[in-house]
>>> print(open('data-v1.txt').read())   # compact mmCIF, N, CA and C atoms and all ligand atoms
# COMPACT_ATOMS: atom_id res chain seq x y z
N MET R 1 72.91 -22.03 -86.39
CA MET R 1 72.22 -22.79 -87.43
C MET R 1 72.63 -24.25 -87.37
N ILE R 2 73.91 -24.52 -87.44
CA ILE R 2 74.40 -25.89 -87.39
C ILE R 2 74.06 -26.53 -86.05
N HIS R 3 74.22 -25.70 -84.97
CA HIS R 3 73.89 -26.24 -83.65
C HIS R 3 72.46 -26.66 -83.56
N LYS R 4 71.57 -25.85 -84.17
CA LYS R 4 70.14 -26.19 -84.12
C LYS R 4 69.88 -27.50 -84.85
N LEU R 5 70.54 -27.69 -85.98
CA LEU R 5 70.33 -28.92 -86.74
C LEU R 5 70.82 -30.13 -85.96
N VAL R 6 72.00 -29.95 -85.34
CA VAL R 6 72.57 -31.06 -84.56
C VAL R 6 71.63 -31.42 -83.42
N VAL R 7 71.13 -30.39 -82.73
CA VAL R 7 70.21 -30.64 -81.60
C VAL R 7 68.97 -31.36 -82.09
N ALA R 8 68.43 -30.86 -83.23
CA ALA R 8 67.22 -31.49 -83.77
C ALA R 8 67.51 -32.95 -84.12
N PHE R 9 68.65 -33.19 -84.73
CA PHE R 9 69.02 -34.56 -85.11
C PHE R 9 69.12 -35.46 -83.88
N VAL R 10 69.80 -34.91 -82.85
CA VAL R 10 69.97 -35.71 -81.62
C VAL R 10 68.61 -36.00 -80.99
N VAL R 11 67.73 -35.00 -80.97
CA VAL R 11 66.40 -35.21 -80.38
C VAL R 11 65.64 -36.29 -81.16
N MET R 12 65.72 -36.19 -82.50
CA MET R 12 65.02 -37.19 -83.32
C MET R 12 65.60 -38.58 -83.08
N ALA R 13 66.94 -38.62 -83.02
CA ALA R 13 67.58 -39.92 -82.81
C ALA R 13 67.16 -40.51 -81.48
N LEU R 14 67.15 -39.66 -80.45
CA LEU R 14 66.75 -40.14 -79.13
C LEU R 14 65.30 -40.63 -79.16
N ALA R 15 64.45 -39.85 -79.85
CA ALA R 15 63.04 -40.23 -79.92
C ALA R 15 62.89 -41.59 -80.60
N MET R 16 63.60 -41.76 -81.72
CA MET R 16 63.52 -43.04 -82.43
C MET R 16 64.04 -44.18 -81.57
N PHE R 17 65.14 -43.86 -80.86
CA PHE R 17 65.73 -44.92 -80.03
C PHE R 17 64.75 -45.35 -78.95
N SER R 18 64.10 -44.35 -78.31
CA SER R 18 63.20 -44.71 -77.22
C SER R 18 62.00 -45.49 -77.75
N VAL R 19 61.54 -45.08 -78.96
CA VAL R 19 60.42 -45.84 -79.54
C VAL R 19 60.83 -47.28 -79.79
N ALA R 20 62.05 -47.43 -80.37
CA ALA R 20 62.52 -48.77 -80.67
C ALA R 20 62.68 -49.58 -79.39
N ALA R 21 63.26 -48.89 -78.34
CA ALA R 21 63.47 -49.60 -77.07
C ALA R 21 62.13 -49.99 -76.48
N CYS R 22 61.16 -49.03 -76.61
CA CYS R 22 59.85 -49.32 -76.07
C CYS R 22 59.24 -50.53 -76.76
N GLY R 23 59.38 -50.53 -78.13
CA GLY R 23 58.83 -51.66 -78.86
C GLY R 23 59.48 -52.95 -78.43
N GLY R 24 60.80 -52.87 -78.19
CA GLY R 24 61.50 -54.08 -77.76
C GLY R 24 60.96 -54.58 -76.44
N ASP R 25 60.65 -53.64 -75.53
CA ASP R 25 60.13 -54.06 -74.23
C ASP R 25 58.77 -54.75 -74.34
N ASP R 26 58.04 -54.34 -75.39
CA ASP R 26 56.70 -54.90 -75.52
C ASP R 26 56.70 -56.32 -76.13
N ASP R 27 57.89 -56.73 -76.63
CA ASP R 27 57.91 -58.07 -77.23
C ASP R 27 57.51 -59.13 -76.21
N ASP R 28 56.51 -59.90 -76.55
CA ASP R 28 56.08 -60.99 -75.66
C ASP R 28 57.02 -62.18 -75.83
N GLU R 29 57.02 -62.99 -74.84
CA GLU R 29 57.75 -64.26 -74.96
C GLU R 29 57.14 -65.02 -76.14
N PRO R 30 57.99 -65.62 -76.97
CA PRO R 30 57.40 -66.41 -78.07
C PRO R 30 56.51 -67.51 -77.52
N ILE R 31 55.31 -67.65 -78.11
CA ILE R 31 54.38 -68.68 -77.64
C ILE R 31 54.82 -70.03 -78.20
N PRO R 32 55.10 -70.98 -77.32
CA PRO R 32 55.54 -72.29 -77.84
C PRO R 32 54.39 -72.97 -78.58
N PRO R 33 54.71 -73.62 -79.67
CA PRO R 33 53.63 -74.33 -80.40
C PRO R 33 53.06 -75.45 -79.53
N ASP R 34 51.81 -75.77 -79.75
CA ASP R 34 51.18 -76.86 -79.00
C ASP R 34 51.99 -78.14 -79.20
N PRO R 35 52.26 -78.83 -78.10
CA PRO R 35 53.01 -80.09 -78.28
C PRO R 35 52.21 -81.08 -79.10
N VAL R 36 52.89 -81.68 -80.05
CA VAL R 36 52.23 -82.66 -80.92
C VAL R 36 52.31 -84.03 -80.23
N GLU R 37 51.17 -84.65 -80.04
CA GLU R 37 51.15 -85.96 -79.38
C GLU R 37 51.69 -87.02 -80.34
N GLU R 38 52.78 -87.65 -79.92
CA GLU R 38 53.30 -88.76 -80.71
C GLU R 38 52.36 -89.95 -80.53
N PRO R 39 52.04 -90.65 -81.59
CA PRO R 39 51.21 -91.85 -81.41
C PRO R 39 51.92 -92.85 -80.51
N ALA R 40 51.23 -93.31 -79.49
CA ALA R 40 51.84 -94.24 -78.54
C ALA R 40 52.16 -95.56 -79.24
N GLU R 41 53.37 -96.04 -79.00
CA GLU R 41 53.76 -97.32 -79.58
C GLU R 41 53.48 -98.41 -78.55
N GLY R 42 52.39 -99.08 -78.70
CA GLY R 42 52.02 -100.12 -77.76
C GLY R 42 52.51 -101.48 -78.22
N PRO R 43 52.26 -102.49 -77.39
CA PRO R 43 52.65 -103.85 -77.78
C PRO R 43 51.95 -104.29 -79.06
N ASP R 44 50.79 -103.66 -79.36
CA ASP R 44 50.05 -104.05 -80.55
C ASP R 44 50.83 -103.76 -81.81
N ASP R 45 51.77 -102.80 -81.71
CA ASP R 45 52.54 -102.44 -82.90
C ASP R 45 53.70 -103.40 -83.14
N GLU R 46 53.98 -104.23 -82.14
CA GLU R 46 55.11 -105.13 -82.28
C GLU R 46 54.76 -106.20 -83.31
N PRO R 47 55.59 -106.36 -84.33
CA PRO R 47 55.25 -107.35 -85.34
C PRO R 47 55.29 -108.76 -84.75
N LEU R 48 54.26 -109.53 -85.03
CA LEU R 48 54.21 -110.90 -84.54
C LEU R 48 54.97 -111.80 -85.50
N GLY R 49 55.52 -112.85 -84.95
CA GLY R 49 56.19 -113.84 -85.79
C GLY R 49 55.18 -114.79 -86.41
N GLU R 50 55.67 -115.91 -86.85
CA GLU R 50 54.79 -116.86 -87.52
C GLU R 50 54.17 -117.86 -86.57
N GLY R 51 54.48 -117.72 -85.26
CA GLY R 51 53.90 -118.63 -84.29
C GLY R 51 54.55 -120.01 -84.37
N GLY R 52 53.83 -120.99 -83.88
CA GLY R 52 54.39 -122.34 -83.89
C GLY R 52 53.48 -123.28 -83.15
N THR R 53 53.99 -124.44 -82.85
CA THR R 53 53.21 -125.47 -82.17
C THR R 53 53.87 -125.85 -80.86
N LEU R 54 53.06 -125.91 -79.81
CA LEU R 54 53.52 -126.38 -78.51
C LEU R 54 52.95 -127.78 -78.27
N GLU R 55 53.84 -128.75 -78.14
CA GLU R 55 53.38 -130.09 -77.79
C GLU R 55 53.56 -130.26 -76.29
N ILE R 56 52.44 -130.40 -75.60
CA ILE R 56 52.45 -130.47 -74.14
C ILE R 56 51.80 -131.77 -73.71
N GLU R 57 52.47 -132.46 -72.77
CA GLU R 57 51.94 -133.74 -72.31
C GLU R 57 51.84 -133.74 -70.79
N ALA R 58 50.73 -134.27 -70.28
CA ALA R 58 50.59 -134.49 -68.84
C ALA R 58 51.29 -135.79 -68.46
N ASP R 59 51.70 -135.88 -67.22
CA ASP R 59 52.41 -137.07 -66.75
C ASP R 59 51.53 -138.31 -66.91
N PRO R 60 52.00 -139.34 -67.65
CA PRO R 60 51.16 -140.52 -67.90
C PRO R 60 50.82 -141.28 -66.62
N GLY R 61 51.69 -141.16 -65.62
CA GLY R 61 51.47 -141.91 -64.39
C GLY R 61 50.47 -141.25 -63.45
N GLY R 62 49.97 -140.10 -63.81
CA GLY R 62 48.96 -139.44 -62.99
C GLY R 62 49.52 -138.43 -62.00
N ALA R 63 50.83 -138.17 -62.06
CA ALA R 63 51.39 -137.13 -61.19
C ALA R 63 50.89 -135.77 -61.66
N LEU R 64 50.85 -134.81 -60.73
CA LEU R 64 50.37 -133.46 -61.07
C LEU R 64 51.52 -132.67 -61.68
N GLU R 65 51.88 -133.05 -62.89
CA GLU R 65 52.93 -132.33 -63.60
C GLU R 65 52.85 -132.61 -65.08
N TYR R 66 53.43 -131.68 -65.85
CA TYR R 66 53.59 -131.89 -67.28
C TYR R 66 54.98 -132.50 -67.49
N THR R 67 55.11 -133.31 -68.53
CA THR R 67 56.42 -133.91 -68.81
C THR R 67 57.29 -132.95 -69.61
N THR R 68 56.72 -131.80 -70.04
CA THR R 68 57.37 -131.00 -71.05
C THR R 68 58.22 -129.85 -70.50
N GLY R 69 58.06 -129.48 -69.24
CA GLY R 69 58.92 -128.45 -68.64
C GLY R 69 58.75 -127.09 -69.29
N ALA R 70 59.76 -126.24 -69.10
CA ALA R 70 59.72 -124.88 -69.66
C ALA R 70 59.78 -124.94 -71.18
N LEU R 71 58.97 -124.14 -71.84
CA LEU R 71 58.88 -124.18 -73.30
C LEU R 71 59.12 -122.79 -73.88
N THR R 72 59.55 -122.79 -75.15
CA THR R 72 59.76 -121.54 -75.89
C THR R 72 59.10 -121.67 -77.26
N VAL R 73 58.45 -120.58 -77.69
CA VAL R 73 57.80 -120.62 -79.00
C VAL R 73 57.90 -119.23 -79.61
N GLU R 74 57.82 -119.18 -80.94
CA GLU R 74 57.85 -117.90 -81.63
C GLU R 74 56.49 -117.21 -81.48
N SER R 75 56.50 -115.87 -81.40
CA SER R 75 55.25 -115.12 -81.25
C SER R 75 54.37 -115.31 -82.48
N GLY R 76 53.09 -115.03 -82.31
CA GLY R 76 52.13 -115.17 -83.39
C GLY R 76 51.05 -116.16 -83.01
N GLU R 77 50.52 -116.84 -84.01
CA GLU R 77 49.46 -117.81 -83.76
C GLU R 77 50.10 -119.13 -83.31
N VAL R 78 49.82 -119.49 -82.06
CA VAL R 78 50.46 -120.65 -81.47
C VAL R 78 49.42 -121.74 -81.26
N THR R 79 49.71 -122.92 -81.77
CA THR R 79 48.82 -124.07 -81.60
C THR R 79 49.31 -124.93 -80.44
N ILE R 80 48.40 -125.21 -79.52
CA ILE R 80 48.71 -126.08 -78.39
C ILE R 80 48.19 -127.47 -78.72
N GLU R 81 49.08 -128.43 -78.76
CA GLU R 81 48.67 -129.82 -78.94
C GLU R 81 48.89 -130.52 -77.61
N PHE R 82 47.78 -130.77 -76.91
CA PHE R 82 47.86 -131.29 -75.55
C PHE R 82 47.47 -132.76 -75.54
N ASP R 83 48.32 -133.55 -74.91
CA ASP R 83 48.07 -134.98 -74.78
C ASP R 83 48.00 -135.31 -73.29
N ASN R 84 46.89 -135.90 -72.88
CA ASN R 84 46.74 -136.32 -71.49
C ASN R 84 46.46 -137.81 -71.44
N PRO R 85 47.51 -138.63 -71.30
CA PRO R 85 47.32 -140.09 -71.29
C PRO R 85 46.89 -140.61 -69.92
N ALA R 86 46.79 -139.75 -68.93
CA ALA R 86 46.47 -140.20 -67.57
C ALA R 86 44.96 -140.35 -67.38
N SER R 87 44.60 -140.99 -66.29
CA SER R 87 43.18 -141.16 -65.97
C SER R 87 42.67 -140.03 -65.08
N LEU R 88 43.49 -138.97 -64.95
CA LEU R 88 43.07 -137.76 -64.24
C LEU R 88 42.72 -136.69 -65.27
N PRO R 89 41.70 -135.89 -65.00
CA PRO R 89 41.38 -134.80 -65.94
C PRO R 89 42.42 -133.68 -65.86
N HIS R 90 42.81 -133.16 -67.03
CA HIS R 90 43.77 -132.05 -67.10
C HIS R 90 43.41 -131.16 -68.28
N ASP R 91 43.93 -129.95 -68.25
CA ASP R 91 43.89 -129.08 -69.42
C ASP R 91 45.18 -128.27 -69.47
N VAL R 92 45.28 -127.39 -70.45
CA VAL R 92 46.40 -126.45 -70.56
C VAL R 92 45.81 -125.06 -70.74
N ARG R 93 46.11 -124.17 -69.83
CA ARG R 93 45.72 -122.76 -69.96
C ARG R 93 46.99 -121.92 -70.09
N ILE R 94 46.89 -120.83 -70.86
CA ILE R 94 48.02 -119.91 -71.02
C ILE R 94 47.69 -118.63 -70.25
N GLU R 95 48.64 -118.23 -69.43
CA GLU R 95 48.44 -117.02 -68.61
C GLU R 95 49.58 -116.04 -68.87
N SER R 96 49.21 -114.75 -69.04
CA SER R 96 50.24 -113.73 -69.26
C SER R 96 50.94 -113.42 -67.94
N GLY R 97 52.03 -112.66 -68.04
CA GLY R 97 52.75 -112.24 -66.84
C GLY R 97 51.90 -111.38 -65.92
N ASP R 98 50.87 -110.74 -66.50
CA ASP R 98 49.96 -109.91 -65.68
C ASP R 98 48.82 -110.72 -65.08
N GLY R 99 48.79 -112.02 -65.36
CA GLY R 99 47.74 -112.86 -64.79
C GLY R 99 46.50 -112.96 -65.64
N ASP R 100 46.56 -112.51 -66.91
CA ASP R 100 45.39 -112.62 -67.79
C ASP R 100 45.35 -114.01 -68.42
N ASP R 101 44.16 -114.60 -68.42
CA ASP R 101 43.97 -115.88 -69.08
C ASP R 101 43.82 -115.64 -70.58
N LEU R 102 44.63 -116.32 -71.38
CA LEU R 102 44.66 -116.06 -72.82
C LEU R 102 44.07 -117.21 -73.63
N GLY R 103 43.55 -118.20 -72.96
CA GLY R 103 42.95 -119.32 -73.68
C GLY R 103 43.63 -120.62 -73.36
N GLY R 104 43.09 -121.68 -73.93
CA GLY R 104 43.68 -122.99 -73.68
C GLY R 104 42.75 -124.09 -74.15
N THR R 105 43.10 -125.31 -73.79
CA THR R 105 42.36 -126.48 -74.28
C THR R 105 41.18 -126.79 -73.35
N ALA R 106 40.40 -127.78 -73.76
CA ALA R 106 39.36 -128.32 -72.89
C ALA R 106 40.00 -129.19 -71.82
N VAL R 107 39.25 -129.43 -70.76
CA VAL R 107 39.68 -130.39 -69.74
C VAL R 107 39.37 -131.79 -70.28
N ILE R 108 40.40 -132.60 -70.36
CA ILE R 108 40.24 -133.93 -70.98
C ILE R 108 40.86 -135.00 -70.09
N THR R 109 40.39 -136.23 -70.24
CA THR R 109 40.92 -137.37 -69.50
C THR R 109 41.23 -138.47 -70.50
N ASP R 110 42.49 -138.94 -70.48
CA ASP R 110 42.94 -139.98 -71.40
C ASP R 110 42.55 -139.62 -72.84
N ASP R 111 42.94 -138.45 -73.24
CA ASP R 111 42.53 -137.94 -74.55
C ASP R 111 43.53 -136.88 -74.98
N SER R 112 43.28 -136.29 -76.13
CA SER R 112 44.11 -135.18 -76.59
C SER R 112 43.21 -134.08 -77.14
N ASP R 113 43.73 -132.86 -77.12
CA ASP R 113 42.95 -131.71 -77.59
C ASP R 113 43.92 -130.65 -78.10
N THR R 114 43.44 -129.82 -78.99
CA THR R 114 44.27 -128.72 -79.48
C THR R 114 43.52 -127.40 -79.28
N ALA R 115 44.29 -126.33 -79.18
CA ALA R 115 43.73 -124.99 -79.05
C ALA R 115 44.72 -124.03 -79.71
N THR R 116 44.22 -122.87 -80.09
CA THR R 116 45.07 -121.86 -80.73
C THR R 116 44.98 -120.56 -79.94
N VAL R 117 46.13 -119.97 -79.65
CA VAL R 117 46.18 -118.68 -78.97
C VAL R 117 47.14 -117.77 -79.73
N THR R 118 46.87 -116.48 -79.72
CA THR R 118 47.77 -115.51 -80.35
C THR R 118 48.60 -114.86 -79.25
N LEU R 119 49.91 -114.98 -79.35
CA LEU R 119 50.80 -114.55 -78.27
C LEU R 119 51.84 -113.55 -78.78
N GLU R 120 51.96 -112.45 -78.06
CA GLU R 120 53.02 -111.49 -78.32
C GLU R 120 54.26 -111.91 -77.54
N PRO R 121 55.43 -111.38 -77.94
CA PRO R 121 56.64 -111.75 -77.21
C PRO R 121 56.51 -111.40 -75.73
N GLY R 122 56.98 -112.28 -74.88
CA GLY R 122 56.91 -112.03 -73.44
C GLY R 122 57.03 -113.32 -72.65
N GLU R 123 56.87 -113.16 -71.35
CA GLU R 123 56.94 -114.30 -70.44
C GLU R 123 55.53 -114.72 -70.05
N TYR R 124 55.24 -115.98 -70.24
CA TYR R 124 53.92 -116.53 -69.91
C TYR R 124 54.12 -117.76 -69.03
N SER R 125 53.00 -118.26 -68.55
CA SER R 125 53.05 -119.58 -67.93
C SER R 125 51.91 -120.41 -68.50
N TYR R 126 52.11 -121.72 -68.49
CA TYR R 126 51.00 -122.62 -68.83
C TYR R 126 50.74 -123.49 -67.62
N TYR R 127 49.45 -123.79 -67.43
CA TYR R 127 49.09 -124.50 -66.21
C TYR R 127 47.79 -125.26 -66.41
N CYS R 128 47.48 -126.12 -65.45
CA CYS R 128 46.23 -126.89 -65.46
C CYS R 128 45.24 -126.20 -64.54
N SER R 129 44.01 -125.97 -65.07
CA SER R 129 43.02 -125.21 -64.31
C SER R 129 42.14 -126.09 -63.43
N VAL R 130 42.35 -127.42 -63.48
CA VAL R 130 41.56 -128.29 -62.58
C VAL R 130 41.96 -127.96 -61.14
N ALA R 131 40.94 -127.88 -60.27
CA ALA R 131 41.16 -127.41 -58.90
C ALA R 131 42.30 -128.17 -58.22
N GLY R 132 43.25 -127.43 -57.71
CA GLY R 132 44.34 -128.02 -56.95
C GLY R 132 45.53 -128.45 -57.79
N HIS R 133 45.36 -128.59 -59.11
CA HIS R 133 46.45 -129.13 -59.93
C HIS R 133 47.59 -128.14 -60.13
N ARG R 134 47.23 -126.87 -60.33
CA ARG R 134 48.30 -125.88 -60.50
C ARG R 134 49.12 -125.78 -59.23
N GLU R 135 48.41 -125.72 -58.12
CA GLU R 135 49.09 -125.64 -56.82
C GLU R 135 49.93 -126.89 -56.59
N GLY R 136 49.46 -128.03 -57.16
CA GLY R 136 50.18 -129.29 -56.97
C GLY R 136 51.39 -129.43 -57.86
N GLY R 137 51.58 -128.50 -58.81
CA GLY R 137 52.79 -128.55 -59.62
C GLY R 137 52.56 -128.49 -61.12
N MET R 138 51.29 -128.48 -61.53
CA MET R 138 51.03 -128.44 -62.98
C MET R 138 51.11 -127.02 -63.50
N GLU R 139 52.32 -126.50 -63.55
CA GLU R 139 52.57 -125.14 -64.03
C GLU R 139 54.00 -125.08 -64.51
N ASP R 140 54.22 -124.40 -65.62
CA ASP R 140 55.60 -124.20 -66.07
C ASP R 140 55.70 -122.93 -66.90
N ILE R 141 56.92 -122.59 -67.28
CA ILE R 141 57.18 -121.32 -67.95
C ILE R 141 57.03 -121.47 -69.45
N LEU R 142 56.40 -120.48 -70.08
CA LEU R 142 56.33 -120.41 -71.54
C LEU R 142 56.92 -119.06 -71.96
N THR R 143 58.01 -119.14 -72.71
CA THR R 143 58.65 -117.93 -73.23
C THR R 143 58.27 -117.75 -74.68
N VAL R 144 57.76 -116.57 -75.02
CA VAL R 144 57.38 -116.27 -76.41
C VAL R 144 58.37 -115.24 -76.95
N GLU R 145 59.05 -115.59 -78.04
CA GLU R 145 60.11 -114.74 -78.58
C GLU R 145 59.67 -114.02 -79.85
CU CU R 201 45.46 -131.19 -64.10
>>> encode(input="data-v1.txt", output="structure tokens", more="lines below")
Ligand SMILES: [Cu+2]
Amino acid sequence: MIHKLVVAFVVMALAMFSVAACGGDDDDEPIPPDPVEEPAEGPDDEPLGEGGTLEIEADPGGALEYTTGALTVESGEVTIEFDNPASLPHDVRIESGDGDDLGGTAVITDDSDTATVTLEPGEYSYYCSVAGHREGGMEDILTVE
């Protein structure tokens, strides 16, 4: 009598164990949740400063150079005040490090002109777009902080 109960108990226990083990084997790998795309932080998110004014002058003697050398300005809306006292036509163009033209003044002779460009922090150059002038030396560094 007791032996029969023990045997029955053991059989039931084994059966339950195998069912449990079987269920365990059927467990699938947990499915990872879809990756959430973080919004890309581009340069557009970088807060711009208050900008400033760049006073740029062409060489009065007519040499193919600016008298102002490397310049630094705060990021934001930047006003270019260009003075060309020479009898040669000149302008000021702003170029990004990637070679994109970002704007600039008119080509003027013995005159002055202003232009406004919006600049993010980075390394730029300013140059004269009159043919041959940039190659002749009318180019310098503009750092925007
Ligand atoms: Cu020029």
>>> residues_near_ligand(input="data-v1.txt", ligand="ligand CU 201 (chain R)", cutoff="7 Å", atoms="all atoms listed in the file", output="PyMOL selection string")
chain R and resi 64-65+88-91+127-134+138
>>> closest_residue(input="data-v1.txt", among="R:Asp34, R:Glu50, R:Gly61, R:Glu123", to="Ser96 in chain R", atoms="all atoms listed in the file")
R:Glu123
>>> atom_distance(input="data-v1.txt", atom1="CA of Ala70 in chain R", atom2="CA of Pro47 in chain R")
23.9 Å
>>> closest_residue(input="data-v1.txt", among="R:Val117, R:Glu77, R:Tyr66, R:Val107", to="Glu139 in chain R", atoms="all atoms listed in the file")
R:Tyr66
>>> atom_distance(input="data-v1.txt", atom1="atom N of Leu102 in chain R", atom2="atom C of Pro60 in chain R")
26.2 Å
>>> atom_distance(input="data-v1.txt", atom1="CA of Thr116 in chain R", atom2="CA of Ala86 in chain R")
22.6 Å
>>> select_by_dssp(input="data-v1.txt", residues="range 67-142 of chain R", states="strand (DSSP E or B)", output="ChimeraX atom specification")
/R:71-73,76-84,90,93-96,101-104,108,111-119,122-127,139-142
>>> residues_around(input="data-v1.txt", residues="Gly69 in chain R", least_positions_apart="6", cutoff="8 Å", atoms="only N, CA and C atoms", output="ChimeraX atom specification")
/R:56-57,139-142
>>> write_last_selection(input="data-v1.txt", atoms="N, CA and C atoms", output="CSV table (one decimal), in the coordinates of the input")
chain,number,residue,atom,x,y,z
R,56,ILE,N,52.4,-130.4,-75.6
R,56,ILE,CA,52.4,-130.5,-74.1
R,56,ILE,C,51.8,-131.8,-73.7
R,57,GLU,N,52.5,-132.5,-72.8
R,57,GLU,CA,51.9,-133.7,-72.3
R,57,GLU,C,51.8,-133.7,-70.8
R,139,GLU,N,52.3,-126.5,-63.6
R,139,GLU,CA,52.6,-125.1,-64.0
R,139,GLU,C,54.0,-125.1,-64.5
R,140,ASP,N,54.2,-124.4,-65.6
R,140,ASP,CA,55.6,-124.2,-66.1
R,140,ASP,C,55.7,-122.9,-66.9
R,141,ILE,N,56.9,-122.6,-67.3
R,141,ILE,CA,57.2,-121.3,-68.0
R,141,ILE,C,57.0,-121.5,-69.4
R,142,LEU,N,56.4,-120.5,-70.1
R,142,LEU,CA,56.3,-120.4,-71.5
R,142,LEU,C,56.9,-119.1,-72.0
>>> closest_residue(input="data-v1.txt", among="R:Phe82, R:Tyr126, R:Ala115, R:Pro121", to="Leu48 in chain R", atoms="only N, CA and C atoms")
R:Pro121
